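Below is the file entry-v6.pdb, which contains PDB, C-alpha atoms and all ligand atoms.
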```pdb
ATOM      1  CA  MET E   1       0.442  57.364 124.401
ATOM      2  CA  ASP E   2       3.283  55.350 122.909
ATOM      3  CA  GLY E   3       6.137  57.270 121.319
ATOM      4  CA  ASP E   4       6.274  57.307 117.547
ATOM      5  CA  ALA E   5       9.856  56.134 117.724
ATOM      6  CA  ASP E   6       8.701  52.944 119.465
ATOM      7  CA  ALA E   7       6.065  52.340 116.790
ATOM      8  CA  GLY E   8       8.677  52.745 114.096
ATOM      9  CA  ALA E   9      10.986  50.242 115.718
ATOM     10  CA  GLU E  10       8.219  47.721 116.278
ATOM     11  CA  TYR E  11       7.141  47.651 112.649
ATOM     12  CA  ASN E  12      10.565  47.966 111.063
ATOM     13  CA  PRO E  13      10.363  45.835 107.864
ATOM     14  CA  ARG E  14      13.869  44.531 108.518
ATOM     15  CA  MET E  15      12.352  42.469 111.328
ATOM     16  CA  ARG E  16      10.282  40.545 108.814
ATOM     17  CA  ALA E  17      13.091  38.183 107.964
ATOM     18  CA  THR E  18      13.805  37.343 111.593
ATOM     19  CA  THR E  19      10.330  36.881 113.005
ATOM     20  CA  ALA E  20       9.114  33.354 113.647
ATOM     21  CA  ASP E  21       5.688  34.391 114.905
ATOM     22  CA  PRO E  22       3.038  33.789 112.188
ATOM     23  CA  VAL E  23       0.614  36.352 113.611
ATOM     24  CA  ARG E  24       3.319  38.965 113.681
ATOM     25  CA  ALA E  25       4.479  38.063 110.181
ATOM     26  CA  VAL E  26       0.975  38.400 108.752
ATOM     27  CA  LEU E  27       0.438  41.623 110.643
ATOM     28  CA  ILE E  28       3.672  43.156 109.421
ATOM     29  CA  ALA E  29       2.940  42.061 105.850
ATOM     30  CA  ALA E  30      -0.590  43.443 106.032
ATOM     31  CA  LEU E  31       0.560  46.746 107.443
ATOM     32  CA  SER E  32       3.062  47.058 104.624
ATOM     33  CA  LEU E  33       0.256  47.088 102.051
ATOM     34  CA  PRO E  34      -1.328  50.379 101.104
ATOM     35  CA  LEU E  35      -4.776  50.614 102.684
ATOM     36  CA  ALA E  36      -7.093  52.395 100.283
ATOM     37  CA  ALA E  37      -9.269  53.849 103.020
ATOM     38  CA  CYS E  38      -6.398  55.553 104.824
ATOM     39  CA  SER E  39      -5.828  59.182 104.010
ATOM     40  CA  LEU E  40      -2.111  58.812 104.656
ATOM     41  CA  PRO E  41       0.085  55.793 103.957
ATOM     42  CA  TYR E  42       1.761  54.179 106.952
ATOM     43  CA  VAL E  43       5.309  55.522 106.861
ATOM     44  CA  PRO E  44       7.109  54.727 110.098
ATOM     45  CA  PRO E  45       7.907  56.684 112.162
ATOM     46  CA  PHE E  46       6.025  59.620 110.625
ATOM     47  CA  THR E  47       2.456  58.313 110.602
ATOM     48  CA  ALA E  48       0.779  55.929 113.035
ATOM     49  CA  PRO E  49      -0.037  52.367 111.927
ATOM     50  CA  PRO E  50      -3.746  51.533 111.649
ATOM     51  CA  LEU E  51      -5.411  50.155 114.755
ATOM     52  CA  SER E  52      -4.990  46.408 114.769
ATOM     53  CA  ALA E  53      -5.906  43.362 116.801
ATOM     54  CA  VAL E  54      -5.147  39.646 116.758
ATOM     55  CA  ALA E  55      -6.769  36.385 117.827
ATOM     56  CA  ARG E  56      -4.985  33.058 118.280
ATOM     57  CA  LEU E  57      -7.385  30.167 117.910
ATOM     58  CA  SER E  58      -7.135  27.032 120.024
ATOM     59  CA  ASP E  59      -9.269  23.927 119.708
ATOM     60  CA  SER E  60     -11.073  22.075 122.494
ATOM     61  CA  ALA E  61      -7.866  20.191 123.360
ATOM     62  CA  GLY E  62      -5.866  23.408 123.593
ATOM     63  CA  ARG E  63      -4.038  22.898 120.297
ATOM     64  CA  ALA E  64      -3.159  26.043 118.309
ATOM     65  CA  VAL E  65      -5.174  25.818 115.076
ATOM     66  CA  GLY E  66      -4.982  29.268 113.568
ATOM     67  CA  SER E  67      -4.716  32.981 113.892
ATOM     68  CA  ALA E  68      -6.522  36.080 112.719
ATOM     69  CA  VAL E  69      -5.478  39.673 112.172
ATOM     70  CA  PHE E  70      -7.941  42.565 112.422
ATOM     71  CA  LEU E  71      -7.098  45.883 110.746
ATOM     72  CA  GLN E  72      -9.090  49.076 111.083
ATOM     73  CA  ASP E  73     -10.052  50.074 107.515
ATOM     74  CA  GLY E  74     -11.975  53.339 107.546
ATOM     75  CA  GLY E  75     -15.086  52.649 109.634
ATOM     76  CA  SER E  76     -14.801  48.873 109.113
ATOM     77  CA  VAL E  77     -12.506  46.050 110.157
ATOM     78  CA  ARG E  78     -10.588  43.945 107.636
ATOM     79  CA  ILE E  79     -10.205  40.389 108.935
ATOM     80  CA  LEU E  80      -7.572  37.898 107.721
ATOM     81  CA  LEU E  81      -7.999  34.415 109.149
ATOM     82  CA  ASP E  82      -5.775  31.369 108.650
ATOM     83  CA  VAL E  83      -6.441  27.957 110.146
ATOM     84  CA  VAL E  84      -4.301  24.806 110.170
ATOM     85  CA  GLY E  85      -4.932  21.261 111.341
ATOM     86  CA  VAL E  86      -8.701  21.553 111.093
ATOM     87  CA  ALA E  87     -11.117  18.947 109.675
ATOM     88  CA  PRO E  88     -11.846  19.798 105.994
ATOM     89  CA  GLY E  89     -15.056  21.403 104.810
ATOM     90  CA  SER E  90     -16.989  24.639 104.925
ATOM     91  CA  LYS E  91     -17.134  25.986 108.477
ATOM     92  CA  GLY E  92     -19.040  28.769 110.157
ATOM     93  CA  VAL E  93     -16.931  31.482 111.757
ATOM     94  CA  HIS E  94     -18.235  34.376 113.801
ATOM     95  CA  ILE E  95     -17.229  37.105 116.185
ATOM     96  CA  HIS E  96     -18.890  36.299 119.514
ATOM     97  CA  GLU E  97     -19.855  38.834 122.156
ATOM     98  CA  VAL E  98     -17.602  37.836 125.095
ATOM     99  CA  GLY E  99     -13.808  37.734 125.003
ATOM    100  CA  GLN E 100     -13.503  34.474 126.873
ATOM    101  CA  CYS E 101     -12.674  31.052 125.381
ATOM    102  CA  ASP E 102     -13.193  28.291 127.959
ATOM    103  CA  ALA E 103     -12.526  24.836 126.449
ATOM    104  CA  PRO E 104     -13.908  22.439 125.531
ATOM    105  CA  ALA E 105     -17.267  23.899 124.449
ATOM    106  CA  PHE E 106     -16.403  27.631 124.353
ATOM    107  CA  GLU E 107     -19.905  28.542 125.557
ATOM    108  CA  SER E 108     -18.183  31.289 127.573
ATOM    109  CA  ALA E 109     -17.844  33.307 124.345
ATOM    110  CA  GLY E 110     -21.601  33.923 124.427
ATOM    111  CA  ALA E 111     -23.793  34.641 121.420
ATOM    112  CA  HIS E 112     -22.832  36.344 118.168
ATOM    113  CA  PHE E 113     -21.604  39.942 118.475
ATOM    114  CA  ASN E 114     -24.847  41.796 117.816
ATOM    115  CA  PRO E 115     -24.958  45.377 119.128
ATOM    116  CA  ASP E 116     -27.832  46.311 116.782
ATOM    117  CA  LYS E 117     -30.104  43.405 117.801
ATOM    118  CA  LYS E 118     -30.382  42.106 114.241
ATOM    119  CA  GLN E 119     -31.181  38.597 113.086
ATOM    120  CA  HIS E 120     -28.549  36.060 112.101
ATOM    121  CA  GLY E 121     -27.275  35.659 108.556
ATOM    122  CA  ILE E 122     -25.354  37.603 105.917
ATOM    123  CA  GLY E 123     -27.718  38.712 103.147
ATOM    124  CA  ARG E 124     -30.809  37.988 105.203
ATOM    125  CA  SER E 125     -33.463  40.680 105.625
ATOM    126  CA  GLY E 126     -33.392  41.781 109.257
ATOM    127  CA  GLY E 127     -29.726  40.816 109.463
ATOM    128  CA  PRO E 128     -26.929  40.308 109.832
ATOM    129  CA  HIS E 129     -25.345  40.237 113.253
ATOM    130  CA  ALA E 130     -22.275  42.508 113.288
ATOM    131  CA  GLY E 131     -20.235  39.378 114.058
ATOM    132  CA  ASP E 132     -21.472  37.284 111.133
ATOM    133  CA  LEU E 133     -18.660  36.266 108.769
ATOM    134  CA  PRO E 134     -18.704  34.136 105.601
ATOM    135  CA  ASN E 135     -17.891  30.454 105.946
ATOM    136  CA  ILE E 136     -14.233  29.478 105.734
ATOM    137  CA  LEU E 137     -13.368  26.655 103.324
ATOM    138  CA  VAL E 138     -10.868  24.269 104.905
ATOM    139  CA  GLU E 139      -8.977  22.245 102.293
ATOM    140  CA  ALA E 140      -8.109  18.547 102.531
ATOM    141  CA  THR E 141      -4.718  19.662 103.862
ATOM    142  CA  GLY E 142      -6.472  21.046 106.933
ATOM    143  CA  LYS E 143      -5.626  24.606 105.924
ATOM    144  CA  GLY E 144      -8.059  27.401 105.255
ATOM    145  CA  HIS E 145      -7.936  31.134 104.602
ATOM    146  CA  LEU E 146     -10.627  33.789 104.833
ATOM    147  CA  GLU E 147     -10.554  37.526 104.212
ATOM    148  CA  PHE E 148     -13.561  39.666 104.955
ATOM    149  CA  THR E 149     -14.420  43.259 105.783
ATOM    150  CA  ALA E 150     -16.795  43.523 108.732
ATOM    151  CA  LYS E 151     -18.675  46.754 108.002
ATOM    152  CA  ARG E 152     -20.569  46.786 111.314
ATOM    153  CA  ALA E 153     -17.492  46.408 113.513
ATOM    154  CA  THR E 154     -14.683  48.716 114.604
ATOM    155  CA  LEU E 155     -11.514  48.638 116.671
ATOM    156  CA  GLU E 156     -12.242  52.178 117.792
ATOM    157  CA  LYS E 157     -14.388  52.994 120.800
ATOM    158  CA  GLY E 158     -18.174  52.636 120.762
ATOM    159  CA  ALA E 159     -20.990  50.104 120.753
ATOM    160  CA  HIS E 160     -19.555  48.305 117.702
ATOM    161  CA  SER E 161     -16.041  47.995 119.118
ATOM    162  CA  LEU E 162     -14.493  44.541 119.167
ATOM    163  CA  LEU E 163     -12.237  45.694 122.015
ATOM    164  CA  GLY E 164     -14.722  47.276 124.437
ATOM    165  CA  GLY E 165     -16.593  46.015 127.501
ATOM    166  CA  LYS E 166     -16.451  42.248 127.824
ATOM    167  CA  GLY E 167     -14.303  42.008 124.702
ATOM    168  CA  THR E 168     -15.028  39.648 121.811
ATOM    169  CA  ALA E 169     -13.823  36.288 120.506
ATOM    170  CA  LEU E 170     -13.492  34.645 117.108
ATOM    171  CA  VAL E 171     -15.164  31.217 117.050
ATOM    172  CA  LEU E 172     -14.852  28.438 114.441
ATOM    173  CA  HIS E 173     -17.683  25.911 114.169
ATOM    174  CA  ALA E 174     -17.856  22.271 113.084
ATOM    175  CA  ASP E 175     -20.310  22.840 110.225
ATOM    176  CA  ALA E 176     -21.169  25.488 107.642
ATOM    177  CA  ASP E 177     -23.349  28.445 108.554
ATOM    178  CA  ASP E 178     -26.587  28.407 106.527
ATOM    179  CA  MET E 179     -26.879  32.233 106.896
ATOM    180  CA  ARG E 180     -30.572  32.046 107.692
ATOM    181  CA  THR E 181     -31.204  30.095 110.915
ATOM    182  CA  ASP E 182     -31.261  32.032 114.187
ATOM    183  CA  PRO E 183     -29.265  32.274 116.330
ATOM    184  CA  ASP E 184     -26.130  30.644 114.859
ATOM    185  CA  GLY E 185     -26.842  29.467 111.313
ATOM    186  CA  ASN E 186     -27.025  25.843 112.468
ATOM    187  CA  SER E 187     -23.238  25.719 112.431
ATOM    188  CA  GLN E 188     -23.109  23.212 115.306
ATOM    189  CA  ASP E 189     -20.270  22.750 117.812
ATOM    190  CA  ARG E 190     -17.720  25.447 118.587
ATOM    191  CA  VAL E 191     -14.461  23.714 117.642
ATOM    192  CA  ALA E 192     -11.951  26.540 118.131
ATOM    193  CA  CYS E 193     -11.886  29.931 119.785
ATOM    194  CA  GLY E 194      -9.547  32.903 120.162
ATOM    195  CA  VAL E 195      -9.964  36.072 122.194
ATOM    196  CA  ILE E 196      -9.607  39.218 120.053
ATOM    197  CA  VAL E 197      -6.965  41.445 121.624
ATOM    198  CA  ARG E 198      -5.334  44.702 120.624
ATOM    199  CA  ALA E 199      -2.064  44.093 118.784
ATOM    200  CA  ARG E 200      -0.189  46.999 120.373
TER     201      ARG E 200
HETATM  202 CU    CU E 301     -20.155  31.273 116.133
HETATM  203 ZN    ZN E 302     -24.919  35.547 113.724
END
```
Final structure tokens representation of the file:
Amino acid sequence: MDGDADAGAEYNPRMRATTADPVRAVLIAALSLPLAACSLPYVPPFTAPPLSAVARLSDSAGRAVGSAVFLQDGGSVRILLDVVGVAPGSKGVHIHEVGQCDAPAFESAGAHFNPDKKQHGIGRSGGPHAGDLPNILVEATGKGHLEFTAKRATLEKGAHSLLGGKGTALVLHADADDMRTDPDGNSQDRVACGVIVRAR
């Protein structure tokens, strides 16, 4: 187990001004917020930070087009996704069941993360997949932001863990997810992908 002193140094707020890494900046900012579900606030070095993970998304040409932070929030996972340089519009985004992003088609990421063998689509009877997320709206500037709490996922151990077995990946699609068509909401091509990895 890592020493608490190390954890305190790693998340020292004074580092915020010097970091140039957007994932790290978002993570540090997020960890600085009080998390309602936590019984104790994160006070380095006295209490441990919540479990966290990150994904850096690359498109089919290998260009970096976004990043996501995953924070354990009680029995759920809070997800904060930012994309840049993406074609505008509403786009499907899901957690897929294999932590492997082989360009250009990203088929290596497999199907949607679905440990409970449900049907696809948020709000659909018989659904959703644990990896189903709302669509992200990408503005004309090519930027988009999504925040969502995945209630059927965890960063802890178990069948719903995003960090177990073959791992998982966050995948952005070309089109919107209709939230009713199996298996992928008719969201078309996989345009970007990032393996979800533990942040520390
Ligand atoms: Cu997908
Ligand atoms: Zn799905």
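Closest to ligand CU 301 (chain E) among E:Gly158, E:Pro104, E:Pro50, E:Gly121 is E:Gly121, based on all atoms listed in the file.
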Tell me, as a CSV table (one decimal) with C-alpha atoms, in the frame of the given file, which residues lie within 9 Å of Asp184 of chain E, counting only C-alpha atoms; anything in the same chain fewer than 5 positions away does not count.
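around33.csv written:
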```csv
chain,number,residue,atom,x,y,z
E,92,GLY,CA,-19.0,28.8,110.2
E,94,HIS,CA,-18.2,34.4,113.8
E,111,ALA,CA,-23.8,34.6,121.4
E,112,HIS,CA,-22.8,36.3,118.2
E,120,HIS,CA,-28.5,36.1,112.1
E,121,GLY,CA,-27.3,35.7,108.6
E,132,ASP,CA,-21.5,37.3,111.1
E,177,ASP,CA,-23.3,28.4,108.6
E,178,ASP,CA,-26.6,28.4,106.5
E,179,MET,CA,-26.9,32.2,106.9
```
task: Name all residues at most 8 Å from Ser60 of chain E (count only C-alpha atoms; drop same-chain ones fewer than 6 positions away) and give them as a list in words.
output: Ala103, Pro104, Ala105, Phe106, Val191 and Ala192 of chain E
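Taken over the whole file, the PyMOL selection byres (((chain E and resi 160) around 10) and not hetatm) covers exactly Ser76, Phe113, Asn114, Pro115, Asp116, Ala130, Gly131, Lys151, Arg152, Ala153, Thr154, Leu155, Glu156, Lys157, Gly158, Ala159, Ser161, Leu162, Leu163 and Gly164 of chain E.
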message: Residues proximal to (-24.4, 38.7, 104.1) were defined as those with any atom within 10 Å of that point in the file's coordinates, counting only C-alpha atoms. Which are they, as a PyMOL selection string?
response: chain E and resi 120-125+127-129+132-134+179-180
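Here atom CA of Val98 of chain E stands at a distance of 24.1 Å from atom CA of Gly74 of chain E.
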Report as lines of an AutoDock Vina configuration file the centre and the edge lengths, in Å to one decimal, of the axis-aligned box holding every listed atom of segment 174-184 of chain E, padded by 3 Å on each side.
```
center_x = -24.6
center_y = 27.3
center_z = 111.4
size_x = 19.4
size_y = 16.0
size_z = 15.8
```
Top pick for closest residue to ligand CU 301 (chain E), considering E:Gly126, E:Val197, E:Ser108, E:His96 and counting only C-alpha atoms and all ligand atoms: E:His96
field: Given the PyMOL selection byres (((chain E and resi 166) around 6) and not hetatm), the residues it picks as an MDAnalysis selection string
entry: chainID E and resid 98:99 165 167
- prompt: So which residues get picked by the PyMOL selection byres (((chain E and resi 148) around 9) and not hetatm) here, written as JSON, numbers by chain?
  reply: {"E": [77, 78, 79, 80, 81, 133, 134, 146, 147, 149, 150]}
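Shortest atom-to-atom contact with ligand ZN 302 (chain E) among E:Val93, E:Leu51, E:Val65, E:Ala199: E:Val93, counting only C-alpha atoms and all ligand atoms.
Using only C-alpha atoms, the set of residues no farther than 8 Å from the position (-9.9, 30.7, 104.1) comprises Leu81, Asp82, Val83, Ile136, Leu137, Val138, Lys143, Gly144, His145, Leu146 and Glu147 of chain E.
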With C-alpha atoms retained, export the selected residues as an mmCIF file, keeping the file's coordinate frame.
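Ended up saving to selection_35.cif:
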```cif
data_model
loop_
_atom_site.group_PDB
_atom_site.id
_atom_site.type_symbol
_atom_site.label_atom_id
_atom_site.label_comp_id
_atom_site.auth_asym_id
_atom_site.auth_seq_id
_atom_site.Cartn_x
_atom_site.Cartn_y
_atom_site.Cartn_z
ATOM 1 C CA LEU E 81 -7.999 34.415 109.149
ATOM 2 C CA ASP E 82 -5.775 31.369 108.650
ATOM 3 C CA VAL E 83 -6.441 27.957 110.146
ATOM 4 C CA ILE E 136 -14.233 29.478 105.734
ATOM 5 C CA LEU E 137 -13.368 26.655 103.324
ATOM 6 C CA VAL E 138 -10.868 24.269 104.905
ATOM 7 C CA LYS E 143 -5.626 24.606 105.924
ATOM 8 C CA GLY E 144 -8.059 27.401 105.255
ATOM 9 C CA HIS E 145 -7.936 31.134 104.602
ATOM 10 C CA LEU E 146 -10.627 33.789 104.833
ATOM 11 C CA GLU E 147 -10.554 37.526 104.212
#
```
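Our summary of the geometry notes that atom CA of His173 of chain E is positioned 22.9 Å from atom CA of Leu71 of chain E.
The gap separating atom CA of Leu57 of chain E from atom CA of Lys118 of chain E is 26.2 Å, in Å to one decimal.
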field: E:Pro44, E:Gly75, E:Glu139, E:Asp59 ranked by distance to Leu172 of chain E, top pick (using only C-alpha atoms)
entry: E:Asp59
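Using only C-alpha atoms and all ligand atoms for every distance, the candidate list E:Glu97, E:Asp175, E:Asp189, E:Asp73 yields E:Glu97 as the residue closest to ligand ZN 302 (chain E).
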field: Using all atoms listed in the file: which of E:Lys91, E:Val84, E:Gln119, E:Phe70 has the shortest distance to Pro183 of chain E
entry: E:Gln119
As an mmCIF file, in the coordinates of the input, please: segment 170-183 of chain E completed to N, CA and C atoms.
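As a result, rebuild.cif now contains:
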```cif
data_model
loop_
_atom_site.group_PDB
_atom_site.id
_atom_site.type_symbol
_atom_site.label_atom_id
_atom_site.label_comp_id
_atom_site.auth_asym_id
_atom_site.auth_seq_id
_atom_site.Cartn_x
_atom_site.Cartn_y
_atom_site.Cartn_z
ATOM 1 N N LEU E 170 -13.236 35.246 118.411
ATOM 2 C CA LEU E 170 -13.492 34.645 117.108
ATOM 3 C C LEU E 170 -13.687 33.145 117.321
ATOM 4 N N VAL E 171 -14.813 32.624 116.812
ATOM 5 C CA VAL E 171 -15.164 31.217 117.050
ATOM 6 C C VAL E 171 -15.341 30.489 115.718
ATOM 7 N N LEU E 172 -14.719 29.318 115.607
ATOM 8 C CA LEU E 172 -14.852 28.438 114.441
ATOM 9 C C LEU E 172 -15.777 27.286 114.814
ATOM 10 N N HIS E 173 -16.696 26.962 113.906
ATOM 11 C CA HIS E 173 -17.683 25.911 114.169
ATOM 12 C C HIS E 173 -17.392 24.649 113.358
ATOM 13 N N ALA E 174 -18.072 23.565 113.734
ATOM 14 C CA ALA E 174 -17.856 22.271 113.084
ATOM 15 C C ALA E 174 -18.453 22.228 111.685
ATOM 16 N N ASP E 175 -19.581 22.914 111.492
ATOM 17 C CA ASP E 175 -20.310 22.840 110.225
ATOM 18 C C ASP E 175 -20.454 24.223 109.594
ATOM 19 N N ALA E 176 -20.932 24.232 108.350
ATOM 20 C CA ALA E 176 -21.169 25.488 107.642
ATOM 21 C C ALA E 176 -22.344 26.242 108.268
ATOM 22 N N ASP E 177 -22.275 27.543 108.135
ATOM 23 C CA ASP E 177 -23.349 28.445 108.554
ATOM 24 C C ASP E 177 -24.323 28.573 107.382
ATOM 25 N N ASP E 178 -25.602 28.317 107.630
ATOM 26 C CA ASP E 178 -26.587 28.407 106.527
ATOM 27 C C ASP E 178 -27.047 29.840 106.260
ATOM 28 N N MET E 179 -26.603 30.794 107.060
ATOM 29 C CA MET E 179 -26.879 32.233 106.896
ATOM 30 C C MET E 179 -28.367 32.577 106.974
ATOM 31 N N ARG E 180 -29.164 31.697 107.560
ATOM 32 C CA ARG E 180 -30.572 32.046 107.692
ATOM 33 C C ARG E 180 -31.219 31.565 108.980
ATOM 34 N N THR E 181 -30.573 30.649 109.723
ATOM 35 C CA THR E 181 -31.204 30.095 110.915
ATOM 36 C C THR E 181 -30.713 30.816 112.173
ATOM 37 N N ASP E 182 -31.626 31.442 112.900
ATOM 38 C CA ASP E 182 -31.261 32.032 114.187
ATOM 39 C C ASP E 182 -31.043 30.930 115.207
ATOM 40 N N PRO E 183 -30.137 31.089 116.193
ATOM 41 C CA PRO E 183 -29.265 32.274 116.330
ATOM 42 C C PRO E 183 -27.873 32.100 115.727
#
```
